[in-house]
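Raw model-v7.cif, mmCIF, C-alpha atoms:
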```
data_protein
loop_
_atom_site.group_PDB
_atom_site.id
_atom_site.type_symbol
_atom_site.label_atom_id
_atom_site.label_comp_id
_atom_site.auth_asym_id
_atom_site.auth_seq_id
_atom_site.Cartn_x
_atom_site.Cartn_y
_atom_site.Cartn_z
ATOM 1 C CA MET A 1 -1.846 16.720 21.914
ATOM 2 C CA LYS A 2 -2.310 13.036 21.194
ATOM 3 C CA THR A 3 0.741 10.863 20.648
ATOM 4 C CA ILE A 4 0.994 9.179 17.235
ATOM 5 C CA LEU A 5 2.998 6.003 16.702
ATOM 6 C CA LEU A 6 4.116 5.078 13.183
ATOM 7 C CA ASN A 7 5.422 1.587 12.502
ATOM 8 C CA GLY A 8 7.793 0.700 9.661
ATOM 9 C CA VAL A 9 9.523 4.058 9.161
ATOM 10 C CA ASP A 10 12.346 2.292 7.307
ATOM 11 C CA GLY A 11 10.103 1.236 4.393
ATOM 12 C CA ASN A 12 8.953 3.049 1.252
ATOM 13 C CA PHE A 13 5.503 3.888 2.587
ATOM 14 C CA GLY A 14 6.602 4.471 6.169
ATOM 15 C CA ARG A 15 9.386 6.860 5.187
ATOM 16 C CA ARG A 16 6.980 9.106 3.237
ATOM 17 C CA CYS A 17 4.416 8.940 6.030
ATOM 18 C CA ALA A 18 7.113 9.886 8.541
ATOM 19 C CA LYS A 19 8.125 12.889 6.439
ATOM 20 C CA GLU A 20 4.556 14.187 6.427
ATOM 21 C CA LEU A 21 4.252 13.791 10.198
ATOM 22 C CA LEU A 22 7.608 15.507 10.748
ATOM 23 C CA ASP A 23 6.463 18.411 8.575
ATOM 24 C CA LYS A 24 3.067 18.811 10.201
ATOM 25 C CA TYR A 25 3.151 17.502 13.794
ATOM 26 C CA GLU A 26 4.901 18.147 17.085
ATOM 27 C CA HIS A 27 7.985 15.930 17.103
ATOM 28 C CA SER A 28 7.839 15.208 20.819
ATOM 29 C CA SER A 29 4.389 13.663 20.284
ATOM 30 C CA LEU A 30 5.632 11.191 17.680
ATOM 31 C CA ILE A 31 6.879 7.637 18.184
ATOM 32 C CA PHE A 32 8.632 6.005 15.227
ATOM 33 C CA THR A 33 9.398 2.293 15.125
ATOM 34 C CA ALA A 34 11.335 0.003 12.815
ATOM 35 C CA PRO A 35 12.286 -3.681 13.081
ATOM 36 C CA THR A 36 15.958 -2.792 13.670
ATOM 37 C CA GLU A 37 18.055 0.025 15.145
ATOM 38 C CA LYS A 38 19.508 0.601 11.685
ATOM 39 C CA GLY A 39 16.044 1.445 10.377
ATOM 40 C CA LEU A 40 15.752 4.284 12.893
ATOM 41 C CA LYS A 41 19.143 5.841 12.222
ATOM 42 C CA GLU A 42 17.962 8.628 9.895
ATOM 43 C CA TYR A 43 15.497 9.913 12.507
ATOM 44 C CA LYS A 44 17.946 10.405 15.351
ATOM 45 C CA GLY A 45 18.282 13.924 16.706
ATOM 46 C CA LEU A 46 14.851 15.053 15.505
ATOM 47 C CA GLY A 47 13.136 14.956 18.902
ATOM 48 C CA VAL A 48 11.055 11.912 17.984
ATOM 49 C CA ILE A 49 10.780 8.915 20.321
ATOM 50 C CA LEU A 50 12.469 5.998 18.546
ATOM 51 C CA ARG A 51 11.828 2.327 19.345
ATOM 52 C CA VAL A 52 12.585 -1.050 17.827
ATOM 53 C CA ALA A 53 9.405 -3.000 17.061
ATOM 54 C CA ASP A 54 9.887 -6.262 15.186
ATOM 55 C CA PHE A 55 6.473 -7.824 14.644
ATOM 56 C CA ASN A 56 8.117 -11.248 14.509
ATOM 57 C CA LYS A 57 9.146 -10.803 18.162
ATOM 58 C CA SER A 58 5.851 -10.185 19.908
ATOM 59 C CA GLU A 59 7.284 -10.142 23.439
ATOM 60 C CA ASN A 60 8.718 -6.638 22.900
ATOM 61 C CA LEU A 61 5.786 -5.025 21.130
ATOM 62 C CA VAL A 62 3.692 -3.967 24.116
ATOM 63 C CA GLU A 63 6.568 -1.941 25.533
ATOM 64 C CA ALA A 64 7.299 -0.468 22.097
ATOM 65 C CA PHE A 65 3.695 0.694 21.702
ATOM 66 C CA LYS A 66 3.223 2.189 25.189
ATOM 67 C CA GLY A 67 2.279 5.841 25.371
ATOM 68 C CA ALA A 68 0.662 5.986 21.943
ATOM 69 C CA ASP A 69 -2.907 7.209 21.509
ATOM 70 C CA THR A 70 -3.082 6.481 17.766
ATOM 71 C CA MET A 71 -1.036 3.826 15.950
ATOM 72 C CA ILE A 72 -0.474 3.711 12.193
ATOM 73 C CA LEU A 73 -0.275 0.048 11.212
ATOM 74 C CA ILE A 74 1.195 -0.308 7.731
ATOM 75 C CA SER A 75 0.225 -3.677 6.311
ATOM 76 C CA MET A 76 3.048 -6.183 6.045
ATOM 77 C CA PRO A 77 4.650 -6.798 2.610
ATOM 78 C CA PHE A 78 4.249 -10.578 2.762
ATOM 79 C CA VAL A 79 0.867 -12.191 2.163
ATOM 80 C CA GLY A 80 -1.228 -14.997 3.627
ATOM 81 C CA PRO A 81 -1.250 -16.665 7.067
ATOM 82 C CA LYS A 82 2.021 -15.021 8.130
ATOM 83 C CA ARG A 83 0.706 -11.528 7.461
ATOM 84 C CA ARG A 84 -2.546 -12.241 9.286
ATOM 85 C CA LYS A 85 -0.625 -13.653 12.234
ATOM 86 C CA VAL A 86 1.803 -10.776 12.710
ATOM 87 C CA GLN A 87 -0.872 -8.123 12.181
ATOM 88 C CA LYS A 88 -3.048 -9.843 14.780
ATOM 89 C CA VAL A 89 -0.054 -9.845 17.130
ATOM 90 C CA ALA A 90 0.399 -6.106 16.534
ATOM 91 C CA VAL A 91 -3.263 -5.371 17.243
ATOM 92 C CA ASP A 92 -3.179 -7.456 20.428
ATOM 93 C CA ALA A 93 -0.051 -5.623 21.591
ATOM 94 C CA ALA A 94 -1.671 -2.252 20.841
ATOM 95 C CA ILE A 95 -4.619 -3.149 23.056
ATOM 96 C CA LYS A 96 -2.330 -4.213 25.916
ATOM 97 C CA ALA A 97 -0.274 -1.036 25.509
ATOM 98 C CA GLY A 98 -3.351 1.183 25.842
ATOM 99 C CA VAL A 99 -3.554 2.406 22.237
ATOM 100 C CA LYS A 100 -6.984 3.933 21.566
ATOM 101 C CA ARG A 101 -7.145 4.038 17.750
ATOM 102 C CA ILE A 102 -5.522 2.225 14.825
ATOM 103 C CA VAL A 103 -5.032 3.695 11.363
ATOM 104 C CA TYR A 104 -4.669 0.610 9.165
ATOM 105 C CA THR A 105 -3.515 0.695 5.540
ATOM 106 C CA SER A 106 -6.037 -1.559 3.848
ATOM 107 C CA ILE A 107 -6.980 -1.810 0.185
ATOM 108 C CA VAL A 108 -9.776 -0.929 -2.192
ATOM 109 C CA GLY A 109 -12.166 -3.829 -2.611
ATOM 110 C CA ALA A 110 -11.972 -4.969 1.007
ATOM 111 C CA GLY A 111 -15.644 -4.109 1.418
ATOM 112 C CA GLU A 112 -16.821 -6.097 -1.597
ATOM 113 C CA LYS A 113 -18.952 -9.070 -0.569
ATOM 114 C CA ASP A 114 -17.708 -11.615 -3.112
ATOM 115 C CA ILE A 115 -14.140 -10.457 -3.656
ATOM 116 C CA ASP A 116 -11.504 -13.186 -3.500
ATOM 117 C CA THR A 117 -7.946 -12.085 -4.148
ATOM 118 C CA TYR A 118 -4.631 -13.149 -2.688
ATOM 119 C CA GLU A 119 -3.875 -9.656 -1.380
ATOM 120 C CA VAL A 120 -7.336 -8.388 -0.399
ATOM 121 C CA ASN A 121 -8.336 -11.385 1.718
ATOM 122 C CA ASP A 122 -5.718 -10.545 4.352
ATOM 123 C CA HIS A 123 -7.043 -6.995 4.626
ATOM 124 C CA VAL A 124 -10.611 -8.251 5.048
ATOM 125 C CA TYR A 125 -9.373 -10.458 7.887
ATOM 126 C CA THR A 126 -7.383 -7.697 9.591
ATOM 127 C CA GLU A 127 -10.181 -5.143 9.304
ATOM 128 C CA ALA A 128 -12.599 -7.600 10.917
ATOM 129 C CA TYR A 129 -10.153 -8.401 13.714
ATOM 130 C CA ILE A 130 -9.566 -4.726 14.523
ATOM 131 C CA LYS A 131 -13.322 -4.086 14.589
ATOM 132 C CA GLU A 132 -13.905 -7.037 16.907
ATOM 133 C CA SER A 133 -11.094 -5.888 19.214
ATOM 134 C CA GLY A 134 -13.053 -2.839 20.336
ATOM 135 C CA LEU A 135 -10.344 -0.404 19.234
ATOM 136 C CA HIS A 136 -11.345 2.742 17.391
ATOM 137 C CA TYR A 137 -10.181 2.581 13.809
ATOM 138 C CA LEU A 138 -9.691 4.197 10.430
ATOM 139 C CA PHE A 139 -9.393 1.754 7.540
ATOM 140 C CA MET A 140 -7.446 3.419 4.728
ATOM 141 C CA ARG A 141 -8.643 1.509 1.682
ATOM 142 C CA ASN A 142 -5.982 2.530 -0.816
ATOM 143 C CA SER A 143 -6.486 2.202 -4.552
ATOM 144 C CA GLN A 144 -3.788 0.470 -6.571
ATOM 145 C CA TYR A 145 -0.458 2.251 -6.508
ATOM 146 C CA ALA A 146 0.130 4.115 -9.764
ATOM 147 C CA GLU A 147 3.833 3.342 -9.267
ATOM 148 C CA ALA A 148 3.191 -0.363 -9.811
ATOM 149 C CA MET A 149 1.807 0.366 -13.251
ATOM 150 C CA VAL A 150 4.560 2.907 -13.999
ATOM 151 C CA SER A 151 7.061 0.078 -13.598
ATOM 152 C CA ASN A 152 4.815 -2.160 -15.710
ATOM 153 C CA TYR A 153 4.712 0.520 -18.405
ATOM 154 C CA ILE A 154 8.519 0.846 -18.376
ATOM 155 C CA ASN A 155 8.787 -2.932 -18.716
ATOM 156 C CA ALA A 156 6.586 -2.756 -21.831
ATOM 157 C CA TYR A 157 8.843 -0.399 -23.783
ATOM 158 C CA THR A 158 12.107 -1.891 -22.529
ATOM 159 C CA ASN A 159 11.370 -5.624 -22.574
ATOM 160 C CA THR A 160 8.147 -6.545 -24.405
ATOM 161 C CA ASN A 161 8.169 -4.598 -27.700
ATOM 162 C CA ASN A 162 5.875 -1.806 -26.515
ATOM 163 C CA VAL A 163 3.116 -4.222 -25.525
ATOM 164 C CA LEU A 164 1.606 -4.129 -22.054
ATOM 165 C CA ALA A 165 -0.466 -7.279 -21.735
ATOM 166 C CA ASN A 166 -2.497 -8.079 -18.639
ATOM 167 C CA ASN A 167 -5.828 -9.447 -17.459
ATOM 168 C CA MET A 168 -7.482 -6.198 -16.285
ATOM 169 C CA GLY A 169 -9.569 -5.808 -19.431
ATOM 170 C CA ASN A 170 -11.967 -2.866 -19.329
ATOM 171 C CA GLY A 171 -12.164 -2.735 -15.560
ATOM 172 C CA LYS A 172 -11.465 0.636 -13.979
ATOM 173 C CA MET A 173 -9.202 1.699 -11.122
ATOM 174 C CA ALA A 174 -8.672 5.152 -9.595
ATOM 175 C CA TYR A 175 -4.882 4.786 -9.555
ATOM 176 C CA ILE A 176 -3.146 6.738 -6.785
ATOM 177 C CA SER A 177 0.438 7.487 -5.924
ATOM 178 C CA ARG A 178 1.905 5.472 -3.045
ATOM 179 C CA ASP A 179 3.221 8.780 -1.690
ATOM 180 C CA ASP A 180 -0.325 10.155 -1.585
ATOM 181 C CA CYS A 181 -1.473 7.043 0.290
ATOM 182 C CA ALA A 182 1.271 7.637 2.855
ATOM 183 C CA VAL A 183 0.320 11.301 3.160
ATOM 184 C CA ALA A 184 -3.316 10.292 3.695
ATOM 185 C CA ALA A 185 -2.340 7.882 6.484
ATOM 186 C CA ALA A 186 -0.412 10.653 8.256
ATOM 187 C CA HIS A 187 -3.344 13.056 7.985
ATOM 188 C CA ALA A 188 -5.743 10.377 9.187
ATOM 189 C CA ALA A 189 -3.629 9.898 12.311
ATOM 190 C CA MET A 190 -3.550 13.653 12.910
ATOM 191 C CA SER A 191 -7.309 13.968 12.365
ATOM 192 C CA ASP A 192 -10.204 13.410 14.743
ATOM 193 C CA TRP A 193 -11.890 10.987 12.333
ATOM 194 C CA MET A 194 -13.049 7.834 14.047
ATOM 195 C CA ASP A 195 -14.512 4.424 13.242
ATOM 196 C CA ARG A 196 -14.860 4.815 9.508
ATOM 197 C CA VAL A 197 -13.588 3.591 6.175
ATOM 198 C CA VAL A 198 -11.510 6.122 4.253
ATOM 199 C CA ASP A 199 -11.406 5.436 0.511
ATOM 200 C CA VAL A 200 -8.034 6.711 -0.662
ATOM 201 C CA ASN A 201 -8.573 7.030 -4.408
ATOM 202 C CA GLY A 202 -6.773 8.776 -7.235
ATOM 203 C CA ALA A 203 -7.897 11.685 -9.390
ATOM 204 C CA GLU A 204 -10.011 9.663 -11.833
ATOM 205 C CA PRO A 205 -11.071 6.072 -12.585
ATOM 206 C CA LEU A 206 -9.295 4.691 -15.637
ATOM 207 C CA THR A 207 -9.075 1.485 -17.610
ATOM 208 C CA ILE A 208 -5.520 0.279 -18.086
ATOM 209 C CA ALA A 209 -5.783 1.270 -21.777
ATOM 210 C CA GLU A 210 -6.735 4.838 -20.769
ATOM 211 C CA TYR A 211 -3.851 4.858 -18.271
ATOM 212 C CA ILE A 212 -1.426 3.844 -21.036
ATOM 213 C CA GLU A 213 -2.822 6.487 -23.397
ATOM 214 C CA ILE A 214 -2.038 9.193 -20.826
ATOM 215 C CA ALA A 215 1.454 7.763 -20.293
ATOM 216 C CA ASN A 216 2.125 7.713 -24.046
ATOM 217 C CA LYS A 217 1.126 11.361 -24.440
ATOM 218 C CA VAL A 218 3.462 12.414 -21.622
ATOM 219 C CA THR A 219 6.463 10.234 -22.458
ATOM 220 C CA GLY A 220 6.287 9.979 -26.242
ATOM 221 C CA HIS A 221 6.388 6.183 -26.167
ATOM 222 C CA ASN A 222 3.920 4.073 -28.114
ATOM 223 C CA VAL A 223 2.897 1.322 -25.719
ATOM 224 C CA LYS A 224 -0.209 -0.654 -26.651
ATOM 225 C CA TYR A 225 -2.522 -2.585 -24.357
ATOM 226 C CA VAL A 226 -3.442 -6.208 -25.049
ATOM 227 C CA GLU A 227 -5.910 -8.079 -22.853
ATOM 228 C CA ILE A 228 -4.899 -11.620 -21.927
ATOM 229 C CA SER A 229 -6.511 -14.339 -19.813
ATOM 230 C CA ASP A 230 -5.662 -15.105 -16.212
ATOM 231 C CA ASP A 231 -3.802 -18.248 -17.314
ATOM 232 C CA GLU A 232 -1.795 -16.286 -19.873
ATOM 233 C CA GLN A 233 -0.957 -13.719 -17.208
ATOM 234 C CA TYR A 234 0.441 -16.459 -14.978
ATOM 235 C CA GLU A 235 2.475 -17.815 -17.915
ATOM 236 C CA PHE A 236 4.036 -14.393 -18.530
ATOM 237 C CA PHE A 237 5.016 -13.907 -14.903
ATOM 238 C CA ASP A 238 6.402 -17.454 -14.739
ATOM 239 C CA SER A 239 8.503 -16.751 -17.837
ATOM 240 C CA ILE A 240 10.285 -13.766 -16.246
ATOM 241 C CA GLY A 241 10.864 -15.378 -12.870
ATOM 242 C CA VAL A 242 8.095 -13.807 -10.793
ATOM 243 C CA PRO A 243 7.211 -16.186 -7.920
ATOM 244 C CA ARG A 244 3.643 -17.338 -7.381
ATOM 245 C CA THR A 245 3.520 -16.374 -3.678
ATOM 246 C CA THR A 246 5.378 -14.130 -1.244
ATOM 247 C CA GLU A 247 6.730 -17.259 0.433
ATOM 248 C CA GLU A 248 9.377 -17.395 -2.285
ATOM 249 C CA MET A 249 9.620 -13.859 -3.555
ATOM 250 C CA TRP A 250 12.420 -12.198 -1.623
ATOM 251 C CA ALA A 251 15.164 -13.574 -3.873
ATOM 252 C CA GLN A 252 13.285 -12.900 -7.095
ATOM 253 C CA THR A 253 14.902 -10.896 -9.886
ATOM 254 C CA ALA A 254 12.028 -9.406 -11.926
ATOM 255 C CA THR A 255 12.759 -5.844 -10.804
ATOM 256 C CA ASN A 256 9.780 -4.239 -12.533
ATOM 257 C CA PHE A 257 7.431 -6.600 -10.670
ATOM 258 C CA PRO A 258 8.390 -6.712 -6.960
ATOM 259 C CA PHE A 259 5.226 -8.652 -6.152
ATOM 260 C CA CYS A 260 4.019 -12.233 -6.458
ATOM 261 C CA SER A 261 1.934 -13.464 -9.375
ATOM 262 C CA ASP A 262 -0.913 -14.831 -7.232
ATOM 263 C CA GLY A 263 -1.348 -11.287 -5.962
ATOM 264 C CA MET A 264 -1.119 -9.562 -9.343
ATOM 265 C CA VAL A 265 -3.284 -12.027 -11.280
ATOM 266 C CA THR A 266 -6.129 -12.117 -8.766
ATOM 267 C CA PHE A 267 -5.907 -8.336 -8.365
ATOM 268 C CA GLY A 268 -6.209 -7.913 -12.132
ATOM 269 C CA ARG A 269 -9.177 -10.274 -12.187
ATOM 270 C CA ALA A 270 -10.932 -8.249 -9.471
ATOM 271 C CA ILE A 271 -10.375 -5.042 -11.447
ATOM 272 C CA ARG A 272 -11.749 -6.691 -14.609
ATOM 273 C CA LEU A 273 -14.855 -7.800 -12.702
ATOM 274 C CA GLY A 274 -15.488 -4.273 -11.404
ATOM 275 C CA GLN A 275 -14.831 -5.220 -7.784
ATOM 276 C CA MET A 276 -12.290 -2.453 -7.152
ATOM 277 C CA LEU A 277 -14.065 0.517 -8.719
ATOM 278 C CA THR A 278 -14.291 2.761 -5.672
ATOM 279 C CA TYR A 279 -14.008 6.458 -6.421
ATOM 280 C CA THR A 280 -14.572 9.129 -3.769
ATOM 281 C CA ASN A 281 -13.148 12.489 -2.708
ATOM 282 C CA ASP A 282 -12.140 11.229 0.752
ATOM 283 C CA PHE A 283 -8.490 12.028 0.014
ATOM 284 C CA GLU A 284 -9.241 15.667 -0.740
ATOM 285 C CA LYS A 285 -11.466 16.013 2.323
ATOM 286 C CA LEU A 286 -8.768 14.547 4.553
ATOM 287 C CA VAL A 287 -5.611 16.110 3.117
ATOM 288 C CA GLY A 288 -6.970 19.394 1.765
ATOM 289 C CA ARG A 289 -5.756 18.977 -1.824
ATOM 290 C CA LYS A 290 -6.454 16.747 -4.790
ATOM 291 C CA PRO A 291 -4.381 13.589 -5.292
ATOM 292 C CA LEU A 292 -1.727 13.517 -7.991
ATOM 293 C CA SER A 293 -3.154 12.626 -11.384
ATOM 294 C CA VAL A 294 -1.678 9.896 -13.582
ATOM 295 C CA LYS A 295 -0.506 12.660 -15.952
ATOM 296 C CA GLU A 296 1.376 14.388 -13.125
ATOM 297 C CA ILE A 297 2.896 11.098 -12.006
ATOM 298 C CA PHE A 298 4.254 10.369 -15.493
ATOM 299 C CA GLU A 299 5.576 13.924 -15.781
ATOM 300 C CA HIS A 300 7.805 13.032 -12.825
ATOM 301 C CA MET A 301 8.021 9.293 -13.373
ATOM 302 C CA ASP A 302 11.560 8.941 -12.010
ATOM 303 C CA GLU A 303 10.121 9.918 -8.623
ATOM 304 C CA HIS A 304 7.339 7.338 -8.904
ATOM 305 C CA LEU A 305 8.988 3.980 -9.454
ATOM 306 C CA ILE A 306 7.710 1.135 -7.320
ATOM 307 C CA GLY A 307 11.099 0.236 -5.827
ATOM 308 C CA SER A 308 11.847 -2.883 -3.831
ATOM 309 C CA ARG A 309 9.387 -4.599 -1.563
ATOM 310 C CA THR A 310 11.145 -5.116 1.770
ATOM 311 C CA SER A 311 10.531 -7.576 4.549
ATOM 312 C CA THR A 312 11.910 -8.755 7.870
ATOM 313 C CA GLU A 313 9.763 -11.873 7.585
ATOM 314 C CA GLU A 314 10.866 -14.918 9.557
#
```
Take the structure in the file and give it back as C-alpha cells.
Amino acid sequence: MKTILLNGVDGNFGRRCAKELLDKYEHSSLIFTAPTEKGLKEYKGLGVILRVADFNKSENLVEAFKGADTMILISMPFVGPKRRKVQKVAVDAAIKAGVKRIVYTSIVGAGEKDIDTYEVNDHVYTEAYIKESGLHYLFMRNSQYAEAMVSNYINAYTNTNNVLANNMGNGKMAYISRDDCAVAAAHAAMSDWMDRVVDVNGAEPLTIAEYIEIANKVTGHNVKYVEISDDEQYEFFDSIGVPRTTEEMWAQTATNFPFCSDGMVTFGRAIRLGQMLTYTNDFEKLVGRKPLSVKEIFEHMDEHLIGSRTSTEE
C-alpha cells in the first residue's frame, strides 16, 4: 500500500481531506503534516505518522516528506511571489525526499491561454513547475467554492439591503463545495490516476443570478443581483475594509470576505469573460457520487460558511 502524505491538516481544506483519508485509508500508511505541533494535536493516537512541516523553513521539509509515495500539496492561502516561492520549495523538497507523485490543488481556468487573474496565475506557475520537475502529478482544478458565495449572499441580506452586486455578469461557474474539493483530493491520492488534469466541478454551471435564485427559494430571502463594473467592485471592497492583496489581509475585518480584492475582482472578471466555464463529471468518476448541488448547500448553509483564511506566512 502506497504511503500518502497530506500537508496542512490544521486548515479548513486539510482537515476535511484528512477526515476522508482517515475514513477510507489505512492509518499506518498516512503521514499528516502541519506547520506547528499544535496543528497536529487532534490527530494524535490515531496511528497516523505526524510531522511538523513549515514551508517557510525549507531546511526541515525533506525529512518531513521522507517515506511518502504520494503528496497532497494544498495551495498556500497567500498569493503572489511568496506563494510561488514556498510551493516551489515544497516541490523541490518532495523530489529530494523521493516522493513519486504530487496531488496539487489548483483552480479552474489554469488551462486557459489568455487568463490573467491574481489567484490563477500562481497556479499556472506551480503546475508548470511540477510538470518540469519530472514528478508524476494530478492537478485538481477546483471550481469556485460555493461557500465563498454563501458568505457573499449572507452579506447581501444582512448588510447591503438584499442586493448582491458584483462584476461576474452573465458568466457561468460550476460552483462546488470546498468539502467536496477536499474529498476529491483525498480520492485522487488514493487512486492510481497519473499525469492528468482533474476538473473538480459542481453539479451544474450557473450564472450568479441563477445561483441567487436557488438560494432565495431555499432560504426565503429576496436577494437581487446587480452587475457592476470592475472599478465599482474595487470601490465596494475598499469601502468595507477588504485589502487589495494578501500582503495586508491577515488583520482585515470584513468577515464575509476573507480574501483580497485583487483576487476577487480579477476572478469575477474571468468568470464574466467565460474563462472559468469548465464543467465535467470528473468528480463523480473519481469519488463515486455526484457533488453537492447549490440547493443542497443552501439547505445546510450553516455547514457551508467560508470561515477564516489562515496562514503561517512569514
Residues of region 179-231 of chain A that approach region 130-148 of chain A to 12 Å or less, counting all atoms listed in the file: could you list each one with the shortest pair of atoms and its distance in Å to one decimal, rows by chain and increasing residue number, as JSON lines?
```
{"residue": "A:Asp179", "atom": "CA", "partner": "A:Tyr145", "partner_atom": "CA", "distance": 8.9}
{"residue": "A:Asp180", "atom": "CA", "partner": "A:Tyr145", "partner_atom": "CA", "distance": 9.3}
{"residue": "A:Cys181", "atom": "CA", "partner": "A:Asn142", "partner_atom": "CA", "distance": 6.5}
{"residue": "A:Ala182", "atom": "CA", "partner": "A:Asn142", "partner_atom": "CA", "distance": 9.6}
{"residue": "A:Val183", "atom": "CA", "partner": "A:Met140", "partner_atom": "CA", "distance": 11.2}
{"residue": "A:Ala184", "atom": "CA", "partner": "A:Met140", "partner_atom": "CA", "distance": 8.1}
{"residue": "A:Ala185", "atom": "CA", "partner": "A:Met140", "partner_atom": "CA", "distance": 7.0}
{"residue": "A:Ala186", "atom": "CA", "partner": "A:Met140", "partner_atom": "CA", "distance": 10.7}
{"residue": "A:His187", "atom": "CA", "partner": "A:Met140", "partner_atom": "CA", "distance": 11.0}
{"residue": "A:Ala188", "atom": "CA", "partner": "A:Leu138", "partner_atom": "CA", "distance": 7.4}
{"residue": "A:Ala189", "atom": "CA", "partner": "A:Leu138", "partner_atom": "CA", "distance": 8.5}
{"residue": "A:Met190", "atom": "CA", "partner": "A:Leu138", "partner_atom": "CA", "distance": 11.5}
{"residue": "A:Ser191", "atom": "CA", "partner": "A:Leu138", "partner_atom": "CA", "distance": 10.2}
{"residue": "A:Asp192", "atom": "CA", "partner": "A:Leu138", "partner_atom": "CA", "distance": 10.2}
{"residue": "A:Trp193", "atom": "CA", "partner": "A:Leu138", "partner_atom": "CA", "distance": 7.4}
{"residue": "A:Met194", "atom": "CA", "partner": "A:Tyr137", "partner_atom": "CA", "distance": 6.0}
{"residue": "A:Asp195", "atom": "CA", "partner": "A:Tyr137", "partner_atom": "CA", "distance": 4.7}
{"residue": "A:Arg196", "atom": "CA", "partner": "A:Leu138", "partner_atom": "CA", "distance": 5.3}
{"residue": "A:Val197", "atom": "CA", "partner": "A:Phe139", "partner_atom": "CA", "distance": 4.8}
{"residue": "A:Val198", "atom": "CA", "partner": "A:Met140", "partner_atom": "CA", "distance": 4.9}
{"residue": "A:Asp199", "atom": "CA", "partner": "A:Arg141", "partner_atom": "CA", "distance": 4.9}
{"residue": "A:Val200", "atom": "CA", "partner": "A:Asn142", "partner_atom": "CA", "distance": 4.7}
{"residue": "A:Asn201", "atom": "CA", "partner": "A:Ser143", "partner_atom": "CA", "distance": 5.3}
{"residue": "A:Gly202", "atom": "CA", "partner": "A:Ser143", "partner_atom": "CA", "distance": 7.1}
{"residue": "A:Ala203", "atom": "CA", "partner": "A:Ser143", "partner_atom": "CA", "distance": 10.7}
{"residue": "A:Glu204", "atom": "CA", "partner": "A:Ser143", "partner_atom": "CA", "distance": 11.0}
{"residue": "A:Pro205", "atom": "CA", "partner": "A:Ser143", "partner_atom": "CA", "distance": 10.0}
{"residue": "A:Leu206", "atom": "CA", "partner": "A:Ala146", "partner_atom": "CA", "distance": 11.1}
{"residue": "A:Ile208", "atom": "CA", "partner": "A:Ala146", "partner_atom": "CA", "distance": 10.8}
{"residue": "A:Tyr211", "atom": "CA", "partner": "A:Ala146", "partner_atom": "CA", "distance": 9.4}
{"residue": "A:Ile212", "atom": "CA", "partner": "A:Ala146", "partner_atom": "CA", "distance": 11.4}
{"residue": "A:Ala215", "atom": "CA", "partner": "A:Ala146", "partner_atom": "CA", "distance": 11.2}
```
C-alpha atoms of the current selection, written as a PDB file, keeping the file's coordinate frame:
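Final output, saved to selection_37.pdb:
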```
ATOM      1  CA  ASP A 179       3.221   8.780  -1.690  1.00  0.00           C
ATOM      2  CA  ASP A 180      -0.325  10.155  -1.585  1.00  0.00           C
ATOM      3  CA  CYS A 181      -1.473   7.043   0.290  1.00  0.00           C
ATOM      4  CA  ALA A 182       1.271   7.637   2.855  1.00  0.00           C
ATOM      5  CA  VAL A 183       0.320  11.301   3.160  1.00  0.00           C
ATOM      6  CA  ALA A 184      -3.316  10.292   3.695  1.00  0.00           C
ATOM      7  CA  ALA A 185      -2.340   7.882   6.484  1.00  0.00           C
ATOM      8  CA  ALA A 186      -0.412  10.653   8.256  1.00  0.00           C
ATOM      9  CA  HIS A 187      -3.344  13.056   7.985  1.00  0.00           C
ATOM     10  CA  ALA A 188      -5.743  10.377   9.187  1.00  0.00           C
ATOM     11  CA  ALA A 189      -3.629   9.898  12.311  1.00  0.00           C
ATOM     12  CA  MET A 190      -3.550  13.653  12.910  1.00  0.00           C
ATOM     13  CA  SER A 191      -7.309  13.968  12.365  1.00  0.00           C
ATOM     14  CA  ASP A 192     -10.204  13.410  14.743  1.00  0.00           C
ATOM     15  CA  TRP A 193     -11.890  10.987  12.333  1.00  0.00           C
ATOM     16  CA  MET A 194     -13.049   7.834  14.047  1.00  0.00           C
ATOM     17  CA  ASP A 195     -14.512   4.424  13.242  1.00  0.00           C
ATOM     18  CA  ARG A 196     -14.860   4.815   9.508  1.00  0.00           C
ATOM     19  CA  VAL A 197     -13.588   3.591   6.175  1.00  0.00           C
ATOM     20  CA  VAL A 198     -11.510   6.122   4.253  1.00  0.00           C
ATOM     21  CA  ASP A 199     -11.406   5.436   0.511  1.00  0.00           C
ATOM     22  CA  VAL A 200      -8.034   6.711  -0.662  1.00  0.00           C
ATOM     23  CA  ASN A 201      -8.573   7.030  -4.408  1.00  0.00           C
ATOM     24  CA  GLY A 202      -6.773   8.776  -7.235  1.00  0.00           C
ATOM     25  CA  ALA A 203      -7.897  11.685  -9.390  1.00  0.00           C
ATOM     26  CA  GLU A 204     -10.011   9.663 -11.833  1.00  0.00           C
ATOM     27  CA  PRO A 205     -11.071   6.072 -12.585  1.00  0.00           C
ATOM     28  CA  LEU A 206      -9.295   4.691 -15.637  1.00  0.00           C
ATOM     29  CA  ILE A 208      -5.520   0.279 -18.086  1.00  0.00           C
ATOM     30  CA  TYR A 211      -3.851   4.858 -18.271  1.00  0.00           C
ATOM     31  CA  ILE A 212      -1.426   3.844 -21.036  1.00  0.00           C
ATOM     32  CA  ALA A 215       1.454   7.763 -20.293  1.00  0.00           C
TER      33      ALA A 215
END
```
Give the answer as one residue: which of A:Ser293, A:Thr70, A:Ser151, A:Asn222 has the shortest atom-to-atom distance to Lys100 (chain A), using only C-alpha atoms?
A:Thr70
Write out as a ChimeraX atom specification each polymer residue whose atoms come within 10 Å of Ala165 (chain A), counting only C-alpha atoms; drop sequence neighbours fewer than 2 positions from it.
/A:152-153,156,160,162-163,167-169,208,224-229,232-233,236
Restricting the calculation to all atoms listed in the file: of A:Ile176, A:Leu164, A:Ile271, A:Ile31, which residue gets closest to Lys290 (chain A)?
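Answer, going by the shortest atom-to-atom distance: A:Ile176.
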Kindly provide, as an MDAnalysis selection string, the polymer residues lying within 12 Å of (8.6, 15.7, 17.7), counting only C-alpha atoms and using the coordinates exactly as they appear in the file.
chainID A and resid 1:5 18:19 21:32 43:50
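Taking CA of Pro243 (chain A) as the reference point, CA of Asn121 (chain A) is found at 18.9 Å.
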